[in-house]
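Chemist: One structure coming up, written as structure tokens, with questions to follow.
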Amino acid sequence: MTENKGITAGVSYYPDHWPREEWERDMKLIKESGLDIVRFGEFSWYWIEPEEGKFDFSGYDRFMNIADKLDLKTVLCTPTAAVPTWVHKKYPESKLKNQHGETTDRGRHMTCYDHPEVKKLAQRMIVKLAERYRDHPALMAWQIGNEPTLGESCNKDNLFGYNPETVNKFRDYLKDKYQILDKLNEKWIHNFWSRSYSSWDEIEPPKKPNNPGLWLEWLRFRCKNVVDYIKWQLKLLRAVNENFIIGTNIPETGPLNSSLYGQNYWDQCKGLDYVGLDIYAYRDDEYLVRKKIGYSCDLLNSAADSAGADFWISETQAGPHRRPWRMSFVGGLWGPEFLKRCTEEFVTHGADKVLYFLWRPVRSGAEFGMNGMVNFDGTPHEITRSVEQTIKEAKGKVGSQNNKQTIYLHYSRDSLHMGAGYDPDDTGNSTLKGWYNLITDLGYRVKFINDDDLLARQWEIDEILLLPYTLVMSDQLSKKIGNIMEKGTKVISGFAPGFFDEYGRCNLTCPGEELEDKIGVRIKGYDIKEGSGTPFLKDRDTIKLDVLYSEIDVIRGEVLLSDSTDKPLIVGNENVFYFAFDMGTLYNNNGDKKGELLRDIIKRTVNI
């Protein structure tokens, strides 16, 4: 992972929300509180261009000059996350559409940048902004947009990205990949139900999961489209000044949601100077908060490290919400001690910059009353007065994980795409997070690894590779994992390795091609047993096996653990260990006392 160089901290502040005569007072208090960086502008397109072609940078000029006067550095954001109303009024067809033809009116992330006219407007605005402040002494870095995703597609029944320009781009993507239409029909087995295409124009994106090949390619393409959006802005900024420090902020939305949002973290990070994580973590349970922060930080830091980028926290809650009712989104009252714990976790997991969100809670709008580091009127409170000491103490956590042994946890993007479409139990979420918690509770450090990095890595015999949810394997990946096993590297496999090939087809055998003999089992099927007939782990009747498990034949190897009906659950073959049940979800669902028993199983059977 990227070496931590120390820590500097900052905050988001939006001058267009507040009277100009209050800016300098607020900025002075930011500086006096021990913060050095101010991030702003991701939603300020209207402030710059209130009418098409009429630009006004006077507010930006004044604010940037105040920052310079007070020795504060700024992270300027390209304001493409929310277009002005006049853009959608002139080009209503540029609003993002879902599979039902409906547009989104959430107020942000509403626009299809495959629309050529709107893309031109955005490009003009980005270039003007970059050219104006390219040499400003207060400018430290740029942030591309805000939380780049393909709309706020929170579930598979409300996916965005079905605009005509995007659909045509999807067809071009398929043409480029498959070249010959008959090849696509063959790989997707489209003779089933007579679904074969005779023309590329007949291909429509899926409105719901149906043919796995089409679904898998649609979600891959949606991820690529988000990456294209980032690279387009990166190229524009680099053309103005190749020495700009450029990154973006990425919300870690959870394994399966990330597929629906169009997030491929590794590809999003490529070419950036820094990668910022957006994370909001408040819960009453300190253990779960710590694990949530650790998981999200280690995941994004792994992707950043793969791209050679620095790792930041670009957004995290600066204070509790101030609303007269319970908040479901990171709600609850909390104070300086919680902020201190979070900041220490960020630094422990590799962040070298922490930018809190936000300085003054907004008085209206969609996020009114949220997250302020000061009161509504700008006066300080206990968190304001504590943040300087919080940052100072967090510096002592730098590098505190460096002496831990690393376990490489495979993050299979394609497997999550399949799970997001077809798995009714959201197993990808619970098993990845459960395995992460289990491994870190055993005292190991986790580095997430995607397909490309797994293939490129020269594996050593003393390393450990974990395949918690590797349902989809290309032939190349399957052969590589087989070679890793043959080399003697310790490999821990989840319940369904290589069930699908890269086209979303069920493999002829599971485990996947060339792995059956190495893993030592033949998998016959899967189920979840619930109710009175639920088995439990043998000799451990306090832990019910109420998670997904596989019915297997053992070809070779030693059965290291069985259930209460004597069905094999863990099979070991020297350095290769197969788990016939969803250990990750089981650990995720059990409390700390039962978790201790599960950790003991890992230590004794797998010897880690």
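Note on naming: chains are A, B, ... as they come in the structure tokens, residues start from 1 per chain, ligands start from 1 in the order shown.
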Among the residues of region 191-393 of chain A, find those DSSP assigns to strand (DSSP E) from the backbone and print them as JSON, numbers by chain.
Modeler: {"A": [246, 247, 248, 249, 250, 251, 274, 275, 276, 277, 278, 279, 310, 311, 312, 313, 314, 315, 316, 353, 354, 355, 356]}
Chemist: Hey, what's within 9 Å of region 544-558 of chain A if we count only C-alpha atoms and toss same-chain stuff fewer than 4 positions away? As a PyMOL selection string, please?
Modeler: chain A and resi 427+495-496+516-531+534-537+540+563+567-574+579-583+585-586
Chemist: Next, dump the selected residues to file, keeping only C-alpha atoms, as a PDB file, in the first residue's frame.
Modeler:
ATOM      1  CA  THR A 427     -23.985 -12.818  -0.168  1.00  0.00           C
ATOM      2  CA  PHE A 495     -17.608 -21.997  -1.529  1.00  0.00           C
ATOM      3  CA  ALA A 496     -17.957 -21.494  -5.332  1.00  0.00           C
ATOM      4  CA  GLU A 516     -10.987 -29.366  -9.324  1.00  0.00           C
ATOM      5  CA  ASP A 517      -8.017 -31.656  -8.688  1.00  0.00           C
ATOM      6  CA  LYS A 518      -5.933 -28.971  -6.986  1.00  0.00           C
ATOM      7  CA  ILE A 519      -8.716 -28.030  -4.570  1.00  0.00           C
ATOM      8  CA  GLY A 520      -9.666 -31.676  -4.124  1.00  0.00           C
ATOM      9  CA  VAL A 521     -13.453 -31.472  -4.286  1.00  0.00           C
ATOM     10  CA  ARG A 522     -16.298 -31.741  -6.748  1.00  0.00           C
ATOM     11  CA  ILE A 523     -19.200 -29.422  -5.940  1.00  0.00           C
ATOM     12  CA  LYS A 524     -22.685 -30.790  -6.587  1.00  0.00           C
ATOM     13  CA  GLY A 525     -24.954 -27.954  -5.473  1.00  0.00           C
ATOM     14  CA  TYR A 526     -25.788 -25.219  -2.937  1.00  0.00           C
ATOM     15  CA  ASP A 527     -28.437 -24.513  -0.353  1.00  0.00           C
ATOM     16  CA  ILE A 528     -29.272 -22.635   2.841  1.00  0.00           C
ATOM     17  CA  LYS A 529     -30.928 -24.691   5.581  1.00  0.00           C
ATOM     18  CA  GLU A 530     -33.042 -22.695   7.975  1.00  0.00           C
ATOM     19  CA  GLY A 531     -35.333 -23.515  10.868  1.00  0.00           C
ATOM     20  CA  THR A 534     -30.392 -26.327  10.420  1.00  0.00           C
ATOM     21  CA  PRO A 535     -27.170 -28.237  11.156  1.00  0.00           C
ATOM     22  CA  PHE A 536     -24.408 -26.783  13.284  1.00  0.00           C
ATOM     23  CA  LEU A 537     -20.658 -26.983  13.272  1.00  0.00           C
ATOM     24  CA  ARG A 540     -19.898 -26.564  18.383  1.00  0.00           C
ATOM     25  CA  ASP A 563     -21.124 -30.317  10.295  1.00  0.00           C
ATOM     26  CA  LYS A 567     -20.965 -33.510   5.869  1.00  0.00           C
ATOM     27  CA  PRO A 568     -17.503 -32.076   5.068  1.00  0.00           C
ATOM     28  CA  LEU A 569     -17.121 -28.332   5.537  1.00  0.00           C
ATOM     29  CA  ILE A 570     -13.371 -27.688   5.224  1.00  0.00           C
ATOM     30  CA  VAL A 571     -11.069 -29.776   3.033  1.00  0.00           C
ATOM     31  CA  GLY A 572      -7.297 -29.327   3.138  1.00  0.00           C
ATOM     32  CA  ASN A 573      -4.741 -30.291   0.521  1.00  0.00           C
ATOM     33  CA  GLU A 574      -1.316 -29.228   1.803  1.00  0.00           C
ATOM     34  CA  PHE A 579     -14.494 -23.922   2.637  1.00  0.00           C
ATOM     35  CA  ALA A 580     -17.741 -25.628   1.640  1.00  0.00           C
ATOM     36  CA  PHE A 581     -19.745 -23.080   3.631  1.00  0.00           C
ATOM     37  CA  ASP A 582     -19.928 -19.305   3.665  1.00  0.00           C
ATOM     38  CA  MET A 583     -17.535 -18.643   6.536  1.00  0.00           C
ATOM     39  CA  THR A 585     -21.261 -14.482   6.284  1.00  0.00           C
ATOM     40  CA  LEU A 586     -21.245 -16.819   9.292  1.00  0.00           C
TER      41      LEU A 586
END
Chemist: Hey, which bits of region 47-140 of chain A sit within 7 Å of region 157-160 of chain A, and for each residue what's the closest pair of atoms and how far apart in Å (one decimal), counting only C-alpha atoms, rows by chain and increasing number, as CSV?
Modeler:
residue,atom,partner,partner_atom,distance
A:Leu96,CA,A:Phe160,CA,6.2
A:Lys97,CA,A:Phe160,CA,5.4
A:Asn98,CA,A:Phe160,CA,4.1
A:Gln99,CA,A:Leu159,CA,6.3
Chemist: Write a file of the just-selected residues containing C-alpha atoms, as a short mmCIF file (atom, residue, chain, number, x, y, z; two decimals), in the first residue's frame.
Modeler:
data_model
loop_
_atom_site.label_atom_id
_atom_site.label_comp_id
_atom_site.auth_asym_id
_atom_site.auth_seq_id
_atom_site.Cartn_x
_atom_site.Cartn_y
_atom_site.Cartn_z
CA LEU A 96 -30.15 10.54 -16.84
CA LYS A 97 -32.76 7.88 -17.63
CA ASN A 98 -33.36 4.57 -15.96
CA GLN A 99 -34.51 1.35 -17.62
#
Chemist: List the neighbours of Gly419 (chain A) out to 8 Å using only C-alpha atoms; skip same-chain residues closer than 4 positions along the sequence, and give me the result as number ranges by chain.
Modeler: A: 256, 415, 423, 426-428
Chemist: Please list as a list in words every residue within 9 Å of region 234-236 of chain A, counting only C-alpha atoms and excluding residues in the same chain fewer than 2 positions away.
Modeler: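 Answer for this query is Gln123, Ile126, Val127, Ala130, Ile144, Tyr229, Ile230, Lys231, Trp232, Arg238, Ala239, Val240, Ile246, Gly247, Gly271 and Leu272 of chain A.
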Chemist: Between CA of Val227 (chain A) and CA of Ala122 (chain A), what is the spacing in Å?
Modeler: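 It comes out at 16.7 Å.
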Chemist: Neighbours of Asn301 (chain A) within 9 Å (only C-alpha atoms; same-chain residues fewer than 5 positions away dropped), as a list in words?
Modeler: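 Counting only the stated atoms, we get Met1, Thr2, Val275, Gly276, Leu277, Ser296, Ser306, Ala309, Asp310, Phe311, Trp312, His349, Gly350, Ala351, Lys447 and Phe448 of chain A.
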Chemist: Would you mind listing what lies within 8 Å of region 25-29 of chain A as an NGL selection string, with only C-alpha atoms counted and same-chain residues fewer than 5 positions away left out?
Modeler: :A and (66-67 or 70 or 378)
Chemist: For those residues, write N, CA and C atoms to a file as a PDB file, in the first residue's frame.
Modeler:
ATOM      1  N   ILE A  66      -8.580  35.185  -0.228  1.00  0.00           N
ATOM      2  CA  ILE A  66      -8.642  35.085   1.233  1.00  0.00           C
ATOM      3  C   ILE A  66      -7.861  33.862   1.696  1.00  0.00           C
ATOM      4  N   ALA A  67      -8.029  32.744   1.002  1.00  0.00           N
ATOM      5  CA  ALA A  67      -7.291  31.527   1.357  1.00  0.00           C
ATOM      6  C   ALA A  67      -5.793  31.775   1.316  1.00  0.00           C
ATOM      7  N   LEU A  70      -4.508  33.871   4.225  1.00  0.00           N
ATOM      8  CA  LEU A  70      -4.490  33.168   5.510  1.00  0.00           C
ATOM      9  C   LEU A  70      -3.611  31.925   5.479  1.00  0.00           C
ATOM     10  N   GLY A 378     -21.676  29.789  12.634  1.00  0.00           N
ATOM     11  CA  GLY A 378     -20.228  29.856  12.438  1.00  0.00           C
ATOM     12  C   GLY A 378     -19.416  29.905  13.705  1.00  0.00           C
TER      13      GLY A 378
END
Chemist: Go through A:Thr111, A:Gln317, A:Ser328, A:Ser259 one by one, measure the shortest atom-to-atom distance of each to Leu355 (chain A) using only C-alpha atoms, and give the residue with the smallest value.
Modeler: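 With only C-alpha atoms as the atom set, the closest residue is A:Gln317.
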Chemist: Going by DSSP on the backbone, which residues of region 384-491 of chain A come out as alpha helix (DSSP H)? List them as number ranges by chain.
Modeler: A: 384-394, 413-422, 427-441, 451-456, 475-487
Chemist: Determine, counting only C-alpha atoms, which protein, DNA and RNA residues have an atom within 7 Å of an atom of Ile492 (chain A); residues of the same chain fewer than 5 positions away are not included. Present the result as a PyMOL selection string.
Modeler: chain A and resi 465-467+576-578
Chemist: From the list A:Ala281, A:Ile383, A:Cys154, A:Ile601, which residue is nearest Leu438 (chain A) when using only C-alpha atoms?
Modeler: A:Ile601
Chemist: Separation of CA of Gly10 (chain A) and CA of Tyr287 (chain A), in Å?
Modeler: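 Here the two named atoms are 26.2 Å from each other.
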Chemist: Considering only C-alpha atoms, state which residue in the set A:Gly591, A:Ser198, A:Ala138, A:Val559 is at the smallest distance from Ile180 (chain A).
Modeler: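 Among the listed residues, A:Ser198 lies closest to Ile180 (chain A).
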Chemist: Go through A:Ala456, A:Ala82, A:Ala9, A:Val75 one by one, measure the shortest atom-to-atom distance of each to Thr316 (chain A) using only C-alpha atoms, and give the residue with the smallest value.
Modeler: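 The answer is A:Ala9, which sits nearest to Thr316 (chain A).
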Chemist: Please indicate the distance in Å from CA of Glu152 (chain A) to CA of Gly421 (chain A), rounded to one decimal place.
Modeler: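 These two atoms are separated by 16.7 Å.
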Chemist: Find, counting only C-alpha atoms, the residue in A:Cys77, A:Gly53, A:Thr431, A:Ser199 that gets nearest to Asp182 (chain A).
Modeler: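 Closest candidate: A:Ser199.
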Chemist: A:Ser412, A:Gln263, A:Thr348, A:Asn437: which is nearest Lys397 (chain A), counting only C-alpha atoms?
Modeler: A:Thr348
